[in-house]
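What follows is a short report on a single structure.
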Amino acid sequence: MLSKTFFTVRSAVCLTIGLFLLPSFPAIAQEPPGTLNLMPVPFKLALAGGKLRLTENFTIGALGEAVPRAKKAAARFMDRLAGRTGLFFKQDYRTDFVTSGNATFLFKYEAAGRLELNENESYALTVSPDRVMLIARTDLGILHGFETVLQLLDADAQGYFFPCVGLEDQPRFPWRGLLIDAGRHFMPVEVIKRNLDGMAAVKMNVLHWHLSEDQGFRVECKTFPLLHQLGSDGYYYTQDQISDIVAYAADRGIRVMPEFDIPGHSTSWLVGYPVLAGRPGPYRIERRWGVFDPVFNPTDEATYRFFEKFFEEMASLFPDRYVHIGGDENNGKQWDANPQIDQFKRDHKLADNHALQAYFNGRILTILSNLGKKMVGWDEIFQPGLPKDIVIQSWRGKQALIDSARKGYQGLLSNGYYIDLCQPASVHYLNDPLSPDAPLKEEEQKLVLGGEATMWSELVTPETIDSRIWPRTAAIAERLWSPSGVNDVEDMYRRLDSVAVQLEELGLTHFKNQEMMLRRLAGGADLGPLRTLVDVIEPLKQYKRQHQGVTYTQQSPLTRAVDAAAPESRTARVFRKMTDEFIKTKDPKTADALKTQLQRWRSNHQFLKSLFKNAPALSEIEPLSEDLYTVADLGIQALDAILARTAGDRTWVNESLELLQQAKKPKDQAELALVPAVEKLVQTTLLK
Ligand code: ACM
């Protein structure tokens, strides 16, 4: 299928190049000579040598008719290009669309892309010294091509330019999603929109919008208004807002799949409609995090009459073919405690609650199928006997994905892409939905549709959510788009640093809100030393933050230093890399750089001490500040010993490692990310 796609794109390139006498490029190399700053790395890339210089005369135009989506995307492209370069482009690129073939940047495609799974998203791009040419089967490919061109932008002493390249590009997986949980913490429209822009920038194409939870029902529902009226604290999306977001996403080539999590995770629904629950109410919106008992009664026909009407209304609000029904983490307690439900299980020979939930899923599937929708659910919904056109989203382990593919079901991987767990980008990056050793036949492999990063929102607010999504999600986007062999972690981080800055132009707040939060915490004091400390701390990983004597609820402030800290400290990563390099080479210049950094860290605590006295909200990171002093001091001593080539002192090493062990321990909610690098330095003092 892929090669057929490529044949078409390649033919289109040759045809158009022939028509417009563009310079031809050497054959596309099999192995890209470099990855430039492109993220995701394209399918095939060749550097052609030379540069297209940008001036204010740069123009954009379509060859042939352009649909509104492509025109709007072209205008946004020019806005961003102008924004980055400061060039005052002469073309009125919103109204005067150059179509005669004489624009600097020409694009052409055959048809408007449908927002459907497996739609053609490929494109081919050539940059020569006086022309950019972008060709695609659909305008979705054009949109991706625009993002690639923006990532190609480079500069030298003479100004901005695009390097001359030839590339052919297509996604490895057709489903590249980001889940945003607006249930636990509501995320206003602007949060969703700017993240849609971020997704488009890295070629993701599905927003999985988690819209109901124990803690909130987030959609205006006209048929059952008590859902949003009583289940949301007033924080819900109106239907106009939802249509606006769906259109905004469509303009960026992104499908919007709603998730209504049932039968569990459903307290907020039952506040307004307690008769539908497994046990009599009343119910209140849940404020705590975790797994709770409230669940729909799957044995009552009223439940299905409710869902028939509910999904009928939602089906027209969300045009995507797919509807996610959740299905996760039903603890079954209410079902066990209800004698009528127990009787129903016996009457229908349903062996246990899994079988009962499968019955429920089957009924919901019928409702969705009658509405022309396909059903997606978390891996708990996987029960033999369900029709083969449902999609299983694997969150508990990769095995569920493999098992379901072997049984002929389509699947998505989210296990390993839980960005709420604050793991390094590299962990997600190396998590391949289809690793080479996956025990799947070719036909089964095709059932693996891709994956989704999941931004669960227990510990994020609109202020911090971007910092948990970006830039790490760009690494996941690359895993889902680029060929499997693109897996050089160092090169990924190099490009991620560059993409992270570009993402800010879309209004994403992953960097800038940190500064704002620290300013607030410091109450106007000089931010330098606080920034130095927060720069090297990371929030605890996995679910550890929830188990440090703090009970988080929906009302807990997420405004502390640990919330301002990035999930993965770039400073600590760069320091680790420099340390490794020094240990290998003993290069004096690297040693100098390390020492300067360590000295800065060692002196930081003395500057912060007075701030801690006057900013009580910061006192919890005081132990980390003290640790930074200790760790930096040991690092300097180790560095000096290595440089002086003094004989290793085992007692000092053991004592130091003990101190570092203490410093490694989580302090409150966060940890110091550079301890492992200093441990290595200390251990190196023993080596000759
Ligand atoms: C899930 O994380 N409960 C899908």
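To be explicit about the labels: the chains of the structure tokens are called A, B, and onward in the order shown, and within each one the residues are counted from 1, while ligands get numbers from 1 in the order they are shown.
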Enumerate as a ChimeraX atom specification all residues of range 75-142 of chain A assigned to alpha helix (DSSP H) by DSSP on the backbone, naming them with the chain letters and numbers the document uses. /A:75-85,139-142
May I have the residues from that selection written out with all heavy atoms, as an mmCIF file, in the first residue's frame?
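Wrote result27.cif, looks like this:
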```cif
data_model
loop_
_atom_site.group_PDB
_atom_site.id
_atom_site.type_symbol
_atom_site.label_atom_id
_atom_site.label_comp_id
_atom_site.auth_asym_id
_atom_site.auth_seq_id
_atom_site.Cartn_x
_atom_site.Cartn_y
_atom_site.Cartn_z
ATOM 1 N N ALA A 75 -1.754 30.786 4.546
ATOM 2 C CA ALA A 75 -1.657 32.090 5.212
ATOM 3 C C ALA A 75 -1.009 31.948 6.586
ATOM 4 O O ALA A 75 -0.169 32.762 6.975
ATOM 5 C CB ALA A 75 -3.050 32.721 5.335
ATOM 6 N N ARG A 76 -1.375 30.904 7.287
ATOM 7 C CA ARG A 76 -0.739 30.696 8.608
ATOM 8 C C ARG A 76 0.752 30.422 8.452
ATOM 9 O O ARG A 76 1.577 30.877 9.242
ATOM 10 C CB ARG A 76 -1.399 29.516 9.351
ATOM 11 C CG ARG A 76 -2.789 29.788 9.879
ATOM 12 C CD ARG A 76 -3.188 28.755 10.947
ATOM 13 N NE ARG A 76 -3.079 27.373 10.483
ATOM 14 C CZ ARG A 76 -4.036 26.713 9.838
ATOM 15 N NH1 ARG A 76 -5.187 27.305 9.582
ATOM 16 N NH2 ARG A 76 -3.855 25.470 9.454
ATOM 17 N N PHE A 77 1.071 29.678 7.392
ATOM 18 C CA PHE A 77 2.483 29.400 7.107
ATOM 19 C C PHE A 77 3.246 30.711 6.920
ATOM 20 O O PHE A 77 4.317 30.924 7.495
ATOM 21 C CB PHE A 77 2.573 28.525 5.842
ATOM 22 C CG PHE A 77 3.960 28.420 5.269
ATOM 23 C CD1 PHE A 77 4.836 27.443 5.716
ATOM 24 C CD2 PHE A 77 4.395 29.316 4.290
ATOM 25 C CE1 PHE A 77 6.125 27.356 5.205
ATOM 26 C CE2 PHE A 77 5.674 29.234 3.773
ATOM 27 C CZ PHE A 77 6.546 28.255 4.221
ATOM 28 N N MET A 78 2.663 31.601 6.127
ATOM 29 C CA MET A 78 3.340 32.877 5.856
ATOM 30 C C MET A 78 3.418 33.740 7.121
ATOM 31 O O MET A 78 4.419 34.403 7.368
ATOM 32 C CB MET A 78 2.629 33.630 4.733
ATOM 33 C CG MET A 78 2.749 32.962 3.372
ATOM 34 S SD MET A 78 4.452 32.890 2.743
ATOM 35 C CE MET A 78 4.634 34.541 2.055
ATOM 36 N N ASP A 79 2.364 33.711 7.918
ATOM 37 C CA ASP A 79 2.392 34.457 9.187
ATOM 38 C C ASP A 79 3.554 33.982 10.054
ATOM 39 O O ASP A 79 4.285 34.777 10.646
ATOM 40 C CB ASP A 79 1.094 34.229 9.988
ATOM 41 C CG ASP A 79 -0.080 35.030 9.449
ATOM 42 O OD1 ASP A 79 0.148 36.008 8.703
ATOM 43 O OD2 ASP A 79 -1.233 34.680 9.778
ATOM 44 N N ARG A 80 3.700 32.671 10.139
ATOM 45 C CA ARG A 80 4.749 32.128 11.014
ATOM 46 C C ARG A 80 6.129 32.407 10.445
ATOM 47 O O ARG A 80 7.086 32.691 11.178
ATOM 48 C CB ARG A 80 4.529 30.633 11.237
ATOM 49 C CG ARG A 80 3.375 30.389 12.211
ATOM 50 C CD ARG A 80 2.857 28.984 12.154
ATOM 51 N NE ARG A 80 3.793 27.996 12.656
ATOM 52 C CZ ARG A 80 3.655 26.674 12.488
ATOM 53 N NH1 ARG A 80 2.610 26.208 11.810
ATOM 54 N NH2 ARG A 80 4.529 25.837 12.979
ATOM 55 N N LEU A 81 6.213 32.331 9.104
ATOM 56 C CA LEU A 81 7.504 32.613 8.473
ATOM 57 C C LEU A 81 7.894 34.079 8.695
ATOM 58 O O LEU A 81 9.051 34.396 9.013
ATOM 59 C CB LEU A 81 7.397 32.298 6.978
ATOM 60 C CG LEU A 81 8.698 32.184 6.202
ATOM 61 C CD1 LEU A 81 9.596 31.095 6.786
ATOM 62 C CD2 LEU A 81 8.391 31.879 4.735
ATOM 63 N N ALA A 82 6.908 34.958 8.545
ATOM 64 C CA ALA A 82 7.179 36.380 8.789
ATOM 65 C C ALA A 82 7.549 36.590 10.251
ATOM 66 O O ALA A 82 8.489 37.326 10.578
ATOM 67 C CB ALA A 82 5.943 37.217 8.421
ATOM 68 N N GLY A 83 6.808 35.915 11.132
ATOM 69 C CA GLY A 83 7.070 36.063 12.562
ATOM 70 C C GLY A 83 8.479 35.639 12.933
ATOM 71 O O GLY A 83 9.131 36.266 13.759
ATOM 72 N N ARG A 84 8.948 34.579 12.309
ATOM 73 C CA ARG A 84 10.281 34.085 12.661
ATOM 74 C C ARG A 84 11.399 34.906 12.058
ATOM 75 O O ARG A 84 12.473 35.036 12.633
ATOM 76 C CB ARG A 84 10.447 32.643 12.166
ATOM 77 C CG ARG A 84 9.862 31.661 13.114
ATOM 78 C CD ARG A 84 10.381 30.280 12.793
ATOM 79 N NE ARG A 84 9.334 29.314 13.073
ATOM 80 C CZ ARG A 84 9.372 28.055 12.690
ATOM 81 N NH1 ARG A 84 10.406 27.619 12.003
ATOM 82 N NH2 ARG A 84 8.390 27.249 12.984
ATOM 83 N N THR A 85 11.143 35.414 10.860
ATOM 84 C CA THR A 85 12.236 36.073 10.139
ATOM 85 C C THR A 85 12.198 37.589 10.283
ATOM 86 O O THR A 85 13.179 38.263 9.976
ATOM 87 C CB THR A 85 12.145 35.763 8.629
ATOM 88 O OG1 THR A 85 10.870 36.241 8.152
ATOM 89 C CG2 THR A 85 12.263 34.271 8.365
ATOM 90 N N ASP A 139 -4.735 17.648 0.338
ATOM 91 C CA ASP A 139 -4.282 18.853 1.052
ATOM 92 C C ASP A 139 -3.753 18.521 2.450
ATOM 93 O O ASP A 139 -3.039 19.324 3.045
ATOM 94 C CB ASP A 139 -5.391 19.911 1.114
ATOM 95 C CG ASP A 139 -6.621 19.447 1.862
ATOM 96 O OD1 ASP A 139 -6.882 18.219 1.878
ATOM 97 O OD2 ASP A 139 -7.320 20.294 2.438
ATOM 98 N N LEU A 140 -4.079 17.323 2.961
ATOM 99 C CA LEU A 140 -3.509 16.937 4.262
ATOM 100 C C LEU A 140 -1.994 16.806 4.142
ATOM 101 O O LEU A 140 -1.238 17.202 5.037
ATOM 102 C CB LEU A 140 -4.106 15.614 4.753
ATOM 103 C CG LEU A 140 -5.622 15.631 4.996
ATOM 104 C CD1 LEU A 140 -6.120 14.238 5.357
ATOM 105 C CD2 LEU A 140 -5.978 16.638 6.084
ATOM 106 N N GLY A 141 -1.553 16.269 3.021
ATOM 107 C CA GLY A 141 -0.114 16.178 2.765
ATOM 108 C C GLY A 141 0.494 17.566 2.646
ATOM 109 O O GLY A 141 1.616 17.820 3.113
ATOM 110 N N ILE A 142 -0.243 18.478 2.035
ATOM 111 C CA ILE A 142 0.248 19.860 1.905
ATOM 112 C C ILE A 142 0.448 20.482 3.288
ATOM 113 O O ILE A 142 1.462 21.126 3.566
ATOM 114 C CB ILE A 142 -0.744 20.704 1.067
ATOM 115 C CG1 ILE A 142 -0.836 20.172 -0.363
ATOM 116 C CG2 ILE A 142 -0.372 22.188 1.091
ATOM 117 C CD1 ILE A 142 0.425 20.288 -1.192
#
```
Counting only C-alpha atoms and all ligand atoms, which residues in chain A sit no more than 10 Å from ligand 1? For each one, give the nearest pair of atoms and the distance in Å, sorted by chain then residue number, as a tab-separated table.
```
residue	atom	partner	partner_atom_place_in_ligand_line	distance
A:Asp261	CA	ligand 1	4 (C)	9.4
A:His265	CA	ligand 1	3 (N)	9.0
A:Gly290	CA	ligand 1	3 (N)	9.4
A:Val291	CA	ligand 1	3 (N)	8.8
A:Gly326	CA	ligand 1	4 (C)	7.2
A:Gly327	CA	ligand 1	4 (C)	8.2
A:Asp328	CA	ligand 1	3 (N)	5.3
A:Glu329	CA	ligand 1	3 (N)	6.0
A:Asn330	CA	ligand 1	3 (N)	9.5
A:Gly377	CA	ligand 1	4 (C)	8.8
A:Trp378	CA	ligand 1	4 (C)	5.9
A:Asp379	CA	ligand 1	4 (C)	8.1
A:Glu380	CA	ligand 1	4 (C)	8.9
A:Gln393	CA	ligand 1	4 (C)	8.4
A:Ser394	CA	ligand 1	4 (C)	8.2
A:Trp395	CA	ligand 1	4 (C)	5.8
A:Arg396	CA	ligand 1	2 (O)	7.6
A:Ser414	CA	ligand 1	4 (C)	8.6
A:Asn415	CA	ligand 1	2 (O)	8.7
A:Tyr418	CA	ligand 1	2 (O)	8.3
A:Thr454	CA	ligand 1	2 (O)	8.2
A:Met455	CA	ligand 1	2 (O)	9.7
A:Trp456	CA	ligand 1	2 (O)	7.7
```
If you keep N, CA and C atoms, can you produce a file of those selected residues as a compact mmCIF listing (two decimals), in the first residue's frame?
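Writing done, so here's result05.txt:
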```
# COMPACT_ATOMS: atom_id res chain seq x y z
N ASP A 261 -16.44 8.12 29.00
CA ASP A 261 -15.94 6.93 29.72
C ASP A 261 -17.09 6.28 30.48
N HIS A 265 -15.98 5.18 36.00
CA HIS A 265 -15.48 6.56 35.90
C HIS A 265 -16.63 7.53 35.60
N GLY A 290 -8.57 8.66 41.66
CA GLY A 290 -8.48 7.21 41.87
C GLY A 290 -9.60 6.48 41.13
N VAL A 291 -9.90 5.30 41.61
CA VAL A 291 -10.95 4.49 41.00
C VAL A 291 -12.10 4.41 42.01
N GLY A 326 -14.35 4.45 26.59
CA GLY A 326 -13.59 4.22 27.83
C GLY A 326 -13.61 2.75 28.18
N GLY A 327 -14.34 2.41 29.23
CA GLY A 327 -14.46 1.01 29.61
C GLY A 327 -13.43 0.55 30.63
N ASP A 328 -12.59 1.48 31.10
CA ASP A 328 -11.51 1.09 32.00
C ASP A 328 -11.95 1.13 33.46
N GLU A 329 -11.25 0.34 34.24
CA GLU A 329 -11.25 0.46 35.70
C GLU A 329 -12.64 0.47 36.34
N ASN A 330 -13.50 -0.41 35.90
CA ASN A 330 -14.76 -0.59 36.61
C ASN A 330 -14.49 -1.61 37.71
N GLY A 377 -12.20 1.50 22.67
CA GLY A 377 -12.23 1.41 24.14
C GLY A 377 -10.87 1.02 24.67
N TRP A 378 -10.67 1.24 25.96
CA TRP A 378 -9.42 0.80 26.62
C TRP A 378 -9.38 -0.72 26.62
N ASP A 379 -8.21 -1.27 26.90
CA ASP A 379 -8.05 -2.71 26.64
C ASP A 379 -8.98 -3.58 27.48
N GLU A 380 -9.59 -3.03 28.53
CA GLU A 380 -10.56 -3.83 29.29
C GLU A 380 -11.76 -4.26 28.43
N GLN A 393 -7.58 0.14 22.62
CA GLN A 393 -6.47 1.03 22.99
C GLN A 393 -5.76 0.45 24.21
N SER A 394 -4.52 0.10 24.00
CA SER A 394 -3.80 -0.65 25.02
C SER A 394 -3.08 0.29 25.98
N TRP A 395 -3.48 0.24 27.25
CA TRP A 395 -2.83 1.10 28.23
C TRP A 395 -2.16 0.31 29.33
N ARG A 396 -2.58 -0.95 29.54
CA ARG A 396 -2.03 -1.69 30.68
C ARG A 396 -0.74 -2.42 30.31
N SER A 414 -0.99 2.99 23.90
CA SER A 414 -0.77 4.14 24.79
C SER A 414 0.13 3.76 25.96
N ASN A 415 0.21 2.46 26.24
CA ASN A 415 1.15 2.03 27.27
C ASN A 415 2.55 2.50 26.85
N TYR A 418 2.41 7.47 28.46
CA TYR A 418 1.71 8.22 29.51
C TYR A 418 2.55 9.43 29.92
N THR A 454 -0.92 10.20 26.23
CA THR A 454 -2.08 10.45 27.08
C THR A 454 -1.76 11.47 28.15
N MET A 455 -2.48 12.58 28.09
CA MET A 455 -2.28 13.65 29.07
C MET A 455 -3.42 13.60 30.08
N TRP A 456 -3.27 12.70 31.05
CA TRP A 456 -4.25 12.63 32.14
C TRP A 456 -4.04 13.83 33.03
```
Selection near Lys667 in chain A, 12 Å with only C-alpha atoms, sequence-local residues under 2 positions removed, as a list in words: Ile537, Glu538, Pro539, Leu540, Lys544, Arg545, Gln548, Gly549, Ala561, Val562, Ser619, Glu620, Ile621, Glu622, Pro623, Leu624, Ser625, Glu626, Asp627, Leu628, Gln662, Ala663, Lys664, Lys665, Gln669, Ala670, Glu671, Leu672 and Ala673 of chain A
Convert the current residue selection to file output with C-alpha atoms, as a CSV table (one decimal), in the first residue's frame.
```
chain,number,residue,atom,x,y,z
A,537,ILE,CA,14.7,19.4,39.7
A,538,GLU,CA,12.1,17.1,38.3
A,539,PRO,CA,8.7,16.1,39.6
A,540,LEU,CA,8.6,12.6,40.9
A,544,LYS,CA,5.1,8.6,43.2
A,545,ARG,CA,3.9,12.2,43.6
A,548,GLN,CA,4.4,11.2,49.5
A,549,GLY,CA,2.0,12.0,52.3
A,561,ALA,CA,7.9,24.7,42.5
A,562,VAL,CA,7.3,21.0,41.6
A,619,SER,CA,10.2,26.2,51.9
A,620,GLU,CA,9.5,22.6,50.7
A,621,ILE,CA,12.3,22.9,48.2
A,622,GLU,CA,14.8,24.1,50.7
A,623,PRO,CA,16.2,20.6,51.2
A,624,LEU,CA,16.7,20.3,47.5
A,625,SER,CA,18.6,23.6,47.5
A,626,GLU,CA,20.8,22.2,50.3
A,627,ASP,CA,21.3,19.0,48.4
A,628,LEU,CA,22.3,21.0,45.3
A,662,GLN,CA,20.7,10.7,50.4
A,663,ALA,CA,20.5,13.5,47.8
A,664,LYS,CA,19.0,11.1,45.3
A,665,LYS,CA,16.0,10.5,47.6
A,669,GLN,CA,7.4,16.0,45.5
A,670,ALA,CA,10.5,16.4,43.5
A,671,GLU,CA,14.0,15.1,43.0
A,672,LEU,CA,17.4,16.5,42.0
A,673,ALA,CA,18.0,15.4,38.4
```
Counting only C-alpha atoms, the residue among A:Leu533, A:Val67, A:Ala250, A:Leu521 that lies closest to Asn205 in chain A is A:Ala250
Given the choices A:Ile465, A:Ala564, A:Ala48, A:Ile636, which gets closest to Arg519 in chain A if the distance is worked out from only C-alpha atoms? A:Ala564
Contacts of Ile60 in chain A within 9 Å, only C-alpha atoms, excl. fewer than 3 positions in-chain, as a ChimeraX atom specification: /A:74-75,78,91,93,97-99,102-107
Strand (DSSP E or B) residues, from DSSP on the backbone, in range 188-378 of chain A, as a list in words: Val206, Leu207, His208, Trp209, His210, Ser212, Glu213, Gly216, Phe217, Val219, Tyr237, Arg255, Val256, Met257, Pro258, Glu259, Ala277, Arg288, Phe296, Tyr322, Val323, His324, Lys374, Met375, Val376, Gly377 and Trp378 of chain A
I need the chosen residues saved as a short mmCIF file (atom, residue, chain, number, x, y, z; two decimals), in the first residue's frame, with N, CA, C and O atoms.
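The new file again22.cif reads:
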```
data_model
loop_
_atom_site.label_atom_id
_atom_site.label_comp_id
_atom_site.auth_asym_id
_atom_site.auth_seq_id
_atom_site.Cartn_x
_atom_site.Cartn_y
_atom_site.Cartn_z
N VAL A 206 -4.86 12.98 15.50
CA VAL A 206 -6.09 12.65 16.25
C VAL A 206 -6.03 13.31 17.63
O VAL A 206 -5.11 13.06 18.41
N LEU A 207 -7.02 14.14 17.91
CA LEU A 207 -7.22 14.61 19.28
C LEU A 207 -8.22 13.67 19.93
O LEU A 207 -9.36 13.55 19.48
N HIS A 208 -7.78 12.98 20.95
CA HIS A 208 -8.65 12.11 21.73
C HIS A 208 -9.06 12.94 22.95
O HIS A 208 -8.26 13.21 23.82
N TRP A 209 -10.32 13.35 22.93
CA TRP A 209 -10.78 14.34 23.90
C TRP A 209 -11.56 13.60 24.99
O TRP A 209 -12.70 13.15 24.75
N HIS A 210 -10.94 13.47 26.14
CA HIS A 210 -11.53 12.72 27.26
C HIS A 210 -12.47 13.68 28.00
O HIS A 210 -12.04 14.57 28.71
N SER A 212 -15.45 13.01 29.91
CA SER A 212 -16.24 12.73 31.12
C SER A 212 -15.41 11.90 32.08
O SER A 212 -14.63 11.05 31.67
N GLU A 213 -15.59 12.19 33.33
CA GLU A 213 -14.85 11.53 34.40
C GLU A 213 -15.68 11.57 35.67
O GLU A 213 -16.68 12.28 35.74
N GLY A 216 -15.99 15.24 36.51
CA GLY A 216 -16.61 16.27 35.69
C GLY A 216 -17.16 15.73 34.38
O GLY A 216 -16.53 14.91 33.71
N PHE A 217 -18.35 16.22 34.02
CA PHE A 217 -18.95 15.93 32.73
C PHE A 217 -18.87 17.23 31.92
O PHE A 217 -19.44 18.25 32.33
N VAL A 219 -19.54 18.32 28.57
CA VAL A 219 -20.20 18.68 27.30
C VAL A 219 -21.63 19.14 27.56
O VAL A 219 -22.36 18.47 28.29
N TYR A 237 -17.97 22.53 27.94
CA TYR A 237 -17.92 23.14 26.61
C TYR A 237 -19.34 23.27 26.08
O TYR A 237 -20.10 22.29 26.12
N ARG A 255 -8.40 14.85 13.29
CA ARG A 255 -9.70 14.29 13.68
C ARG A 255 -9.90 14.51 15.17
O ARG A 255 -8.94 14.52 15.93
N VAL A 256 -11.15 14.64 15.57
CA VAL A 256 -11.44 14.77 17.00
C VAL A 256 -12.31 13.60 17.42
O VAL A 256 -13.44 13.46 16.95
N MET A 257 -11.75 12.75 18.25
CA MET A 257 -12.51 11.60 18.75
C MET A 257 -12.90 11.88 20.20
O MET A 257 -12.04 12.02 21.07
N PRO A 258 -14.21 11.95 20.48
CA PRO A 258 -14.61 12.16 21.87
C PRO A 258 -14.53 10.86 22.66
O PRO A 258 -14.74 9.78 22.10
N GLU A 259 -14.20 10.98 23.93
CA GLU A 259 -14.35 9.82 24.82
C GLU A 259 -15.37 10.14 25.90
O GLU A 259 -15.25 11.14 26.62
N ALA A 277 -27.72 4.47 38.01
CA ALA A 277 -26.54 3.89 38.66
C ALA A 277 -26.79 2.47 39.16
O ALA A 277 -27.94 2.03 39.28
N ARG A 288 -11.76 13.53 44.72
CA ARG A 288 -10.48 12.82 44.89
C ARG A 288 -10.07 12.17 43.56
O ARG A 288 -10.84 12.10 42.63
N PHE A 296 -22.72 2.65 35.85
CA PHE A 296 -24.07 2.51 35.29
C PHE A 296 -24.61 1.10 35.56
O PHE A 296 -23.84 0.14 35.65
N TYR A 322 -15.20 7.63 14.78
CA TYR A 322 -14.88 6.86 15.98
C TYR A 322 -15.37 7.54 17.26
O TYR A 322 -15.24 8.76 17.41
N VAL A 323 -15.95 6.75 18.13
CA VAL A 323 -16.35 7.22 19.46
C VAL A 323 -15.69 6.29 20.48
O VAL A 323 -15.77 5.06 20.35
N HIS A 324 -15.04 6.90 21.47
CA HIS A 324 -14.35 6.11 22.50
C HIS A 324 -15.28 5.97 23.69
O HIS A 324 -15.80 6.96 24.19
N LYS A 374 -17.94 3.92 14.80
CA LYS A 374 -17.12 2.77 15.22
C LYS A 374 -16.70 2.98 16.67
O LYS A 374 -16.49 4.11 17.10
N MET A 375 -16.52 1.88 17.36
CA MET A 375 -16.28 1.96 18.80
C MET A 375 -14.81 1.73 19.13
O MET A 375 -14.17 0.83 18.60
N VAL A 376 -14.30 2.57 20.01
CA VAL A 376 -12.95 2.41 20.54
C VAL A 376 -13.07 2.29 22.06
O VAL A 376 -13.96 2.91 22.67
N GLY A 377 -12.20 1.50 22.67
CA GLY A 377 -12.23 1.41 24.14
C GLY A 377 -10.87 1.02 24.67
O GLY A 377 -10.00 0.55 23.92
N TRP A 378 -10.67 1.24 25.96
CA TRP A 378 -9.42 0.80 26.62
C TRP A 378 -9.38 -0.72 26.62
O TRP A 378 -10.40 -1.38 26.41
#
```
